[in-house]
$ cat model23.csv   # CSV, C-alpha atoms
chain,number,residue,atom,x,y,z
A,133,GLN,CA,67.8,15.1,-41.0
A,134,TRP,CA,69.9,17.1,-38.6
A,135,TYR,CA,66.7,19.1,-37.6
A,136,GLN,CA,64.8,15.9,-37.2
A,137,ARG,CA,67.5,14.5,-35.0
A,138,ARG,CA,67.6,17.7,-33.0
A,139,VAL,CA,63.8,17.5,-32.5
A,140,ALA,CA,64.0,13.9,-31.5
A,141,ILE,CA,66.8,14.7,-29.1
A,142,THR,CA,64.8,17.6,-27.6
A,143,ALA,CA,61.7,15.4,-27.5
A,144,GLY,CA,63.7,12.7,-25.7
A,145,GLU,CA,65.1,15.2,-23.3
A,146,ASP,CA,61.6,16.6,-22.7
A,147,LEU,CA,60.4,13.0,-22.1
A,148,VAL,CA,63.2,12.4,-19.6
A,149,THR,CA,62.4,15.7,-17.8
A,150,LEU,CA,58.7,14.7,-17.7
A,151,GLN,CA,59.6,11.3,-16.4
A,152,GLU,CA,61.8,12.9,-13.7
A,153,GLN,CA,59.0,15.3,-12.8
A,154,LEU,CA,56.5,12.4,-12.7
A,155,ALA,CA,58.9,10.3,-10.5
A,156,LYS,CA,59.3,13.4,-8.2
A,157,ALA,CA,55.5,14.0,-8.1
A,158,SER,CA,54.9,10.3,-7.4
A,159,SER,CA,57.5,10.4,-4.6
A,160,GLU,CA,55.9,13.5,-3.2
A,161,ARG,CA,52.4,11.9,-3.4
A,162,ASP,CA,53.7,8.8,-1.6
A,163,ALA,CA,55.2,11.0,1.1
A,164,ALA,CA,51.9,12.9,1.4
A,165,LEU,CA,50.0,9.6,1.7
A,166,THR,CA,52.4,8.4,4.3
A,167,GLU,CA,52.0,11.6,6.2
A,168,LEU,CA,48.2,11.4,5.8
A,169,ASP,CA,48.2,7.8,7.1
A,170,SER,CA,50.3,8.8,10.1
A,171,ALA,CA,48.0,11.8,10.8
A,172,ARG,CA,45.0,9.5,10.6
A,173,GLU,CA,46.6,7.0,12.9
A,174,GLU,CA,47.5,9.7,15.4
A,175,MET,CA,44.0,11.2,15.2
A,176,ASN,CA,42.4,7.7,15.7
A,177,LEU,CA,44.6,7.1,18.7
A,178,LYS,CA,43.6,10.5,20.2
A,179,ILE,CA,39.9,9.8,19.5
A,180,GLU,CA,40.3,6.3,21.1
A,181,GLU,CA,42.0,7.8,24.1
A,182,GLU,CA,39.2,10.4,24.4
A,183,VAL,CA,36.5,7.8,24.1
A,184,LEU,CA,38.1,5.7,26.8
A,185,LYS,CA,38.5,8.7,29.0
A,186,LYS,CA,34.8,9.7,28.5
A,187,SER,CA,33.7,6.1,29.0
A,188,ALA,CA,35.6,6.0,32.4
A,189,GLU,CA,34.0,9.3,33.4
A,190,ILE,CA,30.6,7.9,32.4
A,191,VAL,CA,31.2,4.8,34.6
A,192,VAL,CA,32.1,7.0,37.5
A,193,GLU,CA,29.0,9.2,37.0
A,194,GLN,CA,26.8,6.1,36.8
A,195,GLU,CA,28.2,4.9,40.1
A,196,GLN,CA,27.6,8.4,41.6
A,197,VAL,CA,24.0,8.2,40.3
A,198,LYS,CA,23.5,4.8,41.8
A,199,THR,CA,24.8,6.0,45.1
A,200,LEU,CA,22.7,9.1,45.0
A,201,THR,CA,19.6,7.1,44.0
A,202,SER,CA,20.3,4.7,46.9
A,203,SER,CA,20.7,7.7,49.3
A,204,LEU,CA,17.5,9.2,48.0
A,205,SER,CA,15.6,6.0,48.6
A,206,GLU,CA,16.9,5.9,52.1
A,207,TYR,CA,15.9,9.5,52.7
A,208,GLU,CA,12.4,8.8,51.2
A,209,GLY,CA,12.1,5.9,53.7
A,210,GLN,CA,13.2,8.1,56.6
A,211,ILE,CA,10.7,10.8,55.5
A,212,ALA,CA,7.9,8.2,55.3
A,213,GLY,CA,8.8,7.1,58.9
A,214,TYR,CA,8.9,10.7,60.1
A,215,LYS,CA,5.5,11.3,58.4
A,216,SER,CA,4.1,8.3,60.2
A,217,LYS,CA,5.5,9.4,63.5
A,218,LEU,CA,4.1,12.9,62.9
A,219,GLU,CA,0.7,11.5,62.2
A,220,GLU,CA,0.9,9.5,65.5
A,221,MET,CA,2.0,12.6,67.3
A,222,GLN,CA,-0.9,14.6,65.8
A,223,LYS,CA,-3.3,11.8,67.0
A,224,LEU,CA,-1.8,12.1,70.5
A,225,ALA,CA,-2.1,15.9,70.4
A,226,ASP,CA,-5.7,15.6,69.4
A,227,GLN,CA,-6.3,13.1,72.3
A,228,LEU,CA,-4.5,15.5,74.6
A,229,ASP,CA,-6.7,18.3,73.4
A,230,SER,CA,-9.8,16.1,74.2
A,231,VAL,CA,-8.3,15.2,77.7
A,232,ASN,CA,-7.6,18.9,78.3
A,233,ALA,CA,-11.2,19.8,77.3
A,234,GLU,CA,-12.5,17.2,79.7
A,235,LEU,CA,-10.2,18.3,82.4
A,236,THR,CA,-11.3,21.9,82.0
A,237,LYS,CA,-14.9,20.8,82.1
A,238,SER,CA,-14.2,18.7,85.2
A,239,GLN,CA,-12.4,21.6,86.9
A,240,ALA,CA,-15.4,23.9,86.2
A,241,GLU,CA,-17.7,21.3,87.7
A,242,ALA,CA,-15.4,20.9,90.7
A,243,ASN,CA,-15.3,24.7,91.1
A,244,SER,CA,-19.1,24.7,91.0
A,245,ILE,CA,-19.3,21.9,93.5
A,246,ARG,CA,-16.8,23.7,95.7
A,247,GLN,CA,-18.8,26.9,95.5
A,248,LYS,CA,-22.0,25.1,96.5
A,249,TYR,CA,-20.1,23.4,99.3
A,250,ASP,CA,-18.8,26.7,100.5
A,251,GLU,CA,-22.3,28.1,100.4
A,252,LEU,CA,-23.8,25.2,102.2
A,253,ASP,CA,-21.0,25.2,104.7
A,254,GLY,CA,-21.6,28.9,105.3
A,255,GLU,CA,-25.3,28.3,105.8
A,256,PHE,CA,-24.5,25.4,108.1
A,257,LYS,CA,-22.2,27.5,110.2
A,258,VAL,CA,-24.9,30.2,110.4
A,259,LYS,CA,-27.6,27.7,111.4
A,260,ASP,CA,-25.1,26.0,113.8
A,261,SER,CA,-24.3,29.3,115.4
A,262,LEU,CA,-28.0,30.1,115.7
A,263,ILE,CA,-28.7,26.8,117.3
A,264,LYS,CA,-25.9,27.2,119.8
A,265,SER,CA,-27.1,30.6,120.7
$ encode --input "model23.csv" --output "C-alpha coordinates"
Amino acid sequence: QWYQRRVAITAGEDLVTLQEQLAKASSERDAALTELDSAREEMNLKIEEEVLKKSAEIVVEQEQVKTLTSSLSEYEGQIAGYKSKLEEMQKLADQLDSVNAELTKSQAEANSIRQKYDELDGEFKVKDSLIKS
(Lines of atoms letter the chains of each structure in order from A and count residues from 1; the text may use other names and numbers.)
(Lines give C-alpha, C1' and ligand atoms only; values in the text may rest on other atoms or scores of the structure.)
Protein backbone atom coordinates (compact mmCIF):
# COMPACT_ATOMS: atom_id res chain seq x y z
CA GLN A 1 0.00 0.00 0.00
CA TRP A 2 2.74 2.37 0.83
CA TYR A 3 4.21 1.77 -2.65
CA GLN A 4 0.86 2.36 -4.30
CA ARG A 5 0.50 5.56 -2.33
CA ARG A 6 3.94 6.66 -3.37
CA VAL A 7 3.16 5.89 -7.04
CA ALA A 8 -0.12 7.79 -6.72
CA ILE A 9 1.62 10.75 -5.09
CA THR A 10 4.31 10.72 -7.78
CA ALA A 11 1.65 10.42 -10.47
CA GLY A 12 -0.22 13.31 -8.88
CA GLU A 13 2.96 15.38 -8.72
CA ASP A 14 3.69 14.50 -12.36
CA LEU A 15 0.14 15.52 -13.25
CA VAL A 16 0.55 18.86 -11.46
CA THR A 17 3.89 19.40 -13.26
CA LEU A 18 2.28 18.59 -16.61
CA GLN A 19 -0.61 20.93 -15.84
CA GLU A 20 1.85 23.68 -14.91
CA GLN A 21 3.81 23.06 -18.14
CA LEU A 22 0.56 23.04 -20.10
CA ALA A 23 -0.51 26.33 -18.48
CA LYS A 24 2.93 27.82 -19.23
CA ALA A 25 2.81 26.57 -22.84
CA SER A 26 -0.72 27.91 -23.21
CA SER A 27 0.37 31.27 -21.83
CA GLU A 28 3.38 31.33 -24.20
CA ARG A 29 1.09 30.39 -27.09
CA ASP A 30 -1.30 33.22 -26.17
CA ALA A 31 1.63 35.66 -25.97
CA ALA A 32 2.91 34.45 -29.37
CA LEU A 33 -0.56 34.84 -30.91
CA THR A 34 -0.85 38.34 -29.46
CA GLU A 35 2.59 39.20 -30.87
CA LEU A 36 1.61 37.68 -34.22
CA ASP A 37 -1.62 39.71 -34.28
CA SER A 38 0.32 42.86 -33.42
CA ALA A 39 2.88 42.12 -36.16
CA ARG A 40 0.05 41.47 -38.65
CA GLU A 41 -1.66 44.73 -37.71
CA GLU A 42 1.62 46.64 -38.03
CA MET A 43 2.32 45.00 -41.40
CA ASN A 44 -1.21 45.77 -42.62
CA LEU A 45 -0.77 49.43 -41.60
CA LYS A 46 2.57 49.60 -43.44
CA ILE A 47 1.04 47.99 -46.52
CA GLU A 48 -1.92 50.38 -46.36
CA GLU A 49 0.43 53.37 -46.03
CA GLU A 50 2.49 52.12 -48.99
CA VAL A 51 -0.66 51.59 -51.07
CA LEU A 52 -1.87 55.12 -50.26
CA LYS A 53 1.56 56.54 -51.09
CA LYS A 54 1.72 54.67 -54.41
CA SER A 55 -1.87 55.69 -55.19
CA ALA A 56 -0.97 59.35 -54.62
CA GLU A 57 2.10 58.95 -56.85
CA ILE A 58 -0.05 57.36 -59.55
CA VAL A 59 -2.53 60.26 -59.37
CA VAL A 60 0.35 62.73 -59.75
CA GLU A 61 1.77 60.74 -62.68
CA GLN A 62 -1.68 60.59 -64.31
CA GLU A 63 -1.94 64.39 -64.05
CA GLN A 64 1.52 64.69 -65.58
CA VAL A 65 0.48 62.38 -68.41
CA LYS A 66 -2.65 64.51 -69.00
CA THR A 67 -0.54 67.68 -69.08
CA LEU A 68 2.01 66.11 -71.43
CA THR A 69 -0.74 64.76 -73.66
CA SER A 70 -2.34 68.19 -73.82
CA SER A 71 1.02 69.79 -74.62
CA LEU A 72 1.64 67.17 -77.27
CA SER A 73 -1.73 67.92 -78.86
CA GLU A 74 -0.90 71.63 -78.87
CA TYR A 75 2.50 70.93 -80.45
CA GLU A 76 0.90 68.69 -83.05
CA GLY A 77 -1.51 71.52 -83.90
CA GLN A 78 1.37 73.98 -84.18
CA ILE A 79 3.30 71.54 -86.37
CA ALA A 80 0.26 71.14 -88.64
CA GLY A 81 0.06 74.94 -88.88
CA TYR A 82 3.77 75.17 -89.70
CA LYS A 83 3.40 72.46 -92.35
CA SER A 84 0.51 74.37 -93.91
CA LYS A 85 2.55 77.59 -93.93
CA LEU A 86 5.52 75.71 -95.35
CA GLU A 87 3.34 74.39 -98.17
CA GLU A 88 2.11 77.94 -98.85
CA MET A 89 5.68 79.19 -98.86
CA GLN A 90 6.68 76.40 -101.24
CA LYS A 91 3.85 77.42 -103.61
CA LEU A 92 5.02 81.04 -103.42
CA ALA A 93 8.61 79.92 -104.06
CA ASP A 94 7.42 77.96 -107.10
CA GLN A 95 5.52 81.04 -108.33
CA LEU A 96 8.60 83.16 -107.72
CA ASP A 97 10.67 80.68 -109.73
CA SER A 98 8.13 80.99 -112.58
CA VAL A 99 8.19 84.79 -112.37
CA ASN A 100 12.00 84.77 -112.35
CA ALA A 101 12.03 82.50 -115.40
CA GLU A 102 9.63 84.86 -117.19
CA LEU A 103 11.73 87.84 -116.12
CA THR A 104 14.91 86.18 -117.40
CA LYS A 105 13.13 85.48 -120.71
CA SER A 106 11.85 89.07 -120.87
CA GLN A 107 15.32 90.42 -120.11
CA ALA A 108 16.78 88.26 -122.89
CA GLU A 109 14.12 89.59 -125.27
CA ALA A 110 14.79 93.17 -124.11
CA ASN A 111 18.52 92.66 -124.66
CA SER A 112 17.82 91.30 -128.13
CA ILE A 113 15.57 94.28 -128.90
CA ARG A 114 18.20 96.66 -127.48
CA GLN A 115 20.85 95.04 -129.64
CA LYS A 116 18.65 95.36 -132.75
CA TYR A 117 17.89 98.97 -131.81
CA ASP A 118 21.59 99.69 -131.42
CA GLU A 119 22.27 98.06 -134.80
CA LEU A 120 19.47 100.02 -136.47
CA ASP A 121 20.57 103.22 -134.72
CA GLY A 122 24.11 102.61 -135.97
CA GLU A 123 22.85 102.07 -139.51
CA PHE A 124 20.66 105.18 -139.24
CA LYS A 125 23.59 107.28 -138.08
CA VAL A 126 25.73 105.97 -140.93
CA LYS A 127 22.98 106.68 -143.49
CA ASP A 128 22.26 110.03 -141.87
CA SER A 129 25.88 110.94 -142.03
CA LEU A 130 26.03 109.86 -145.71
CA ILE A 131 22.95 111.92 -146.47
CA LYS A 132 24.41 115.00 -144.77
CA SER A 133 27.64 114.68 -146.60
$ atom_distance --input "model23.csv" --atom1 "atom CA of A:Lys215" --atom2 "atom CA of A:Glu234"
28.5 Å
$ atom_distance --input "model23.csv" --atom1 "atom CA of A:Thr201" --atom2 "atom CA of A:Lys217"
24.2 Å
$ atom_distance --input "model23.csv" --atom1 "atom CA of A:Ile190" --atom2 "atom CA of A:Ser170"
29.8 Å
$ build_atoms --input "model23.csv" --residues "stretch 182-199 of chain A" --atoms "N, CA, C and O atoms" --output "mmCIF file, in the coordinates of the input"
data_model
loop_
_atom_site.group_PDB
_atom_site.id
_atom_site.type_symbol
_atom_site.label_atom_id
_atom_site.label_comp_id
_atom_site.auth_asym_id
_atom_site.auth_seq_id
_atom_site.Cartn_x
_atom_site.Cartn_y
_atom_site.Cartn_z
ATOM 1 N N GLU A 182 40.286 9.586 23.953
ATOM 2 C CA GLU A 182 39.200 10.400 24.400
ATOM 3 C C GLU A 182 37.941 9.622 24.718
ATOM 4 O O GLU A 182 37.260 9.839 25.724
ATOM 5 N N VAL A 183 37.654 8.651 23.853
ATOM 6 C CA VAL A 183 36.500 7.800 24.100
ATOM 7 C C VAL A 183 36.677 6.967 25.354
ATOM 8 O O VAL A 183 35.742 6.854 26.160
ATOM 9 N N LEU A 184 37.872 6.431 25.566
ATOM 10 C CA LEU A 184 38.100 5.700 26.800
ATOM 11 C C LEU A 184 38.016 6.559 28.027
ATOM 12 O O LEU A 184 37.446 6.155 29.046
ATOM 13 N N LYS A 185 38.542 7.772 27.922
ATOM 14 C CA LYS A 185 38.500 8.700 29.000
ATOM 15 C C LYS A 185 37.003 9.059 29.345
ATOM 16 O O LYS A 185 36.577 9.034 30.503
ATOM 17 N N LYS A 186 36.236 9.361 28.316
ATOM 18 C CA LYS A 186 34.800 9.700 28.500
ATOM 19 C C LYS A 186 34.049 8.498 29.041
ATOM 20 O O LYS A 186 33.176 8.644 29.889
ATOM 21 N N SER A 187 34.392 7.304 28.556
ATOM 22 C CA SER A 187 33.700 6.100 29.000
ATOM 23 C C SER A 187 33.991 5.898 30.533
ATOM 24 O O SER A 187 33.085 5.559 31.292
ATOM 25 N N ALA A 188 35.241 6.127 30.943
ATOM 26 C CA ALA A 188 35.600 6.000 32.400
ATOM 27 C C ALA A 188 34.818 7.043 33.182
ATOM 28 O O ALA A 188 34.312 6.742 34.272
ATOM 29 N N GLU A 189 34.719 8.258 32.662
ATOM 30 C CA GLU A 189 34.000 9.300 33.400
ATOM 31 C C GLU A 189 32.497 8.938 33.480
ATOM 32 O O GLU A 189 31.875 9.150 34.522
ATOM 33 N N ILE A 190 31.963 8.347 32.421
ATOM 34 C CA ILE A 190 30.600 7.900 32.400
ATOM 35 C C ILE A 190 30.336 6.843 33.484
ATOM 36 O O ILE A 190 29.351 6.861 34.219
ATOM 37 N N VAL A 191 31.277 5.902 33.570
ATOM 38 C CA VAL A 191 31.200 4.800 34.600
ATOM 39 C C VAL A 191 31.166 5.424 35.975
ATOM 40 O O VAL A 191 30.348 5.050 36.827
ATOM 41 N N VAL A 192 32.058 6.387 36.208
ATOM 42 C CA VAL A 192 32.100 7.000 37.500
ATOM 43 C C VAL A 192 30.809 7.768 37.801
ATOM 44 O O VAL A 192 30.248 7.671 38.895
ATOM 45 N N GLU A 193 30.307 8.490 36.809
ATOM 46 C CA GLU A 193 29.000 9.200 37.000
ATOM 47 C C GLU A 193 27.882 8.256 37.222
ATOM 48 O O GLU A 193 26.990 8.549 38.036
ATOM 49 N N GLN A 194 27.887 7.115 36.539
ATOM 50 C CA GLN A 194 26.800 6.100 36.800
ATOM 51 C C GLN A 194 26.872 5.595 38.191
ATOM 52 O O GLN A 194 25.833 5.408 38.828
ATOM 53 N N GLU A 195 28.077 5.373 38.712
ATOM 54 C CA GLU A 195 28.200 4.900 40.100
ATOM 55 C C GLU A 195 27.713 5.996 41.056
ATOM 56 O O GLU A 195 27.051 5.691 42.052
ATOM 57 N N GLN A 196 28.030 7.256 40.733
ATOM 58 C CA GLN A 196 27.600 8.400 41.600
ATOM 59 C C GLN A 196 26.025 8.418 41.547
ATOM 60 O O GLN A 196 25.387 8.643 42.579
ATOM 61 N N VAL A 197 25.451 8.222 40.373
ATOM 62 C CA VAL A 197 24.000 8.200 40.300
ATOM 63 C C VAL A 197 23.390 7.090 41.073
ATOM 64 O O VAL A 197 22.390 7.277 41.774
ATOM 65 N N LYS A 198 24.008 5.902 41.012
ATOM 66 C CA LYS A 198 23.500 4.800 41.800
ATOM 67 C C LYS A 198 23.567 5.107 43.296
ATOM 68 O O LYS A 198 22.626 4.840 44.036
ATOM 69 N N THR A 199 24.690 5.680 43.726
ATOM 70 C CA THR A 199 24.800 6.000 45.100
ATOM 71 C C THR A 199 23.803 7.077 45.544
ATOM 72 O O THR A 199 23.159 6.949 46.595
#
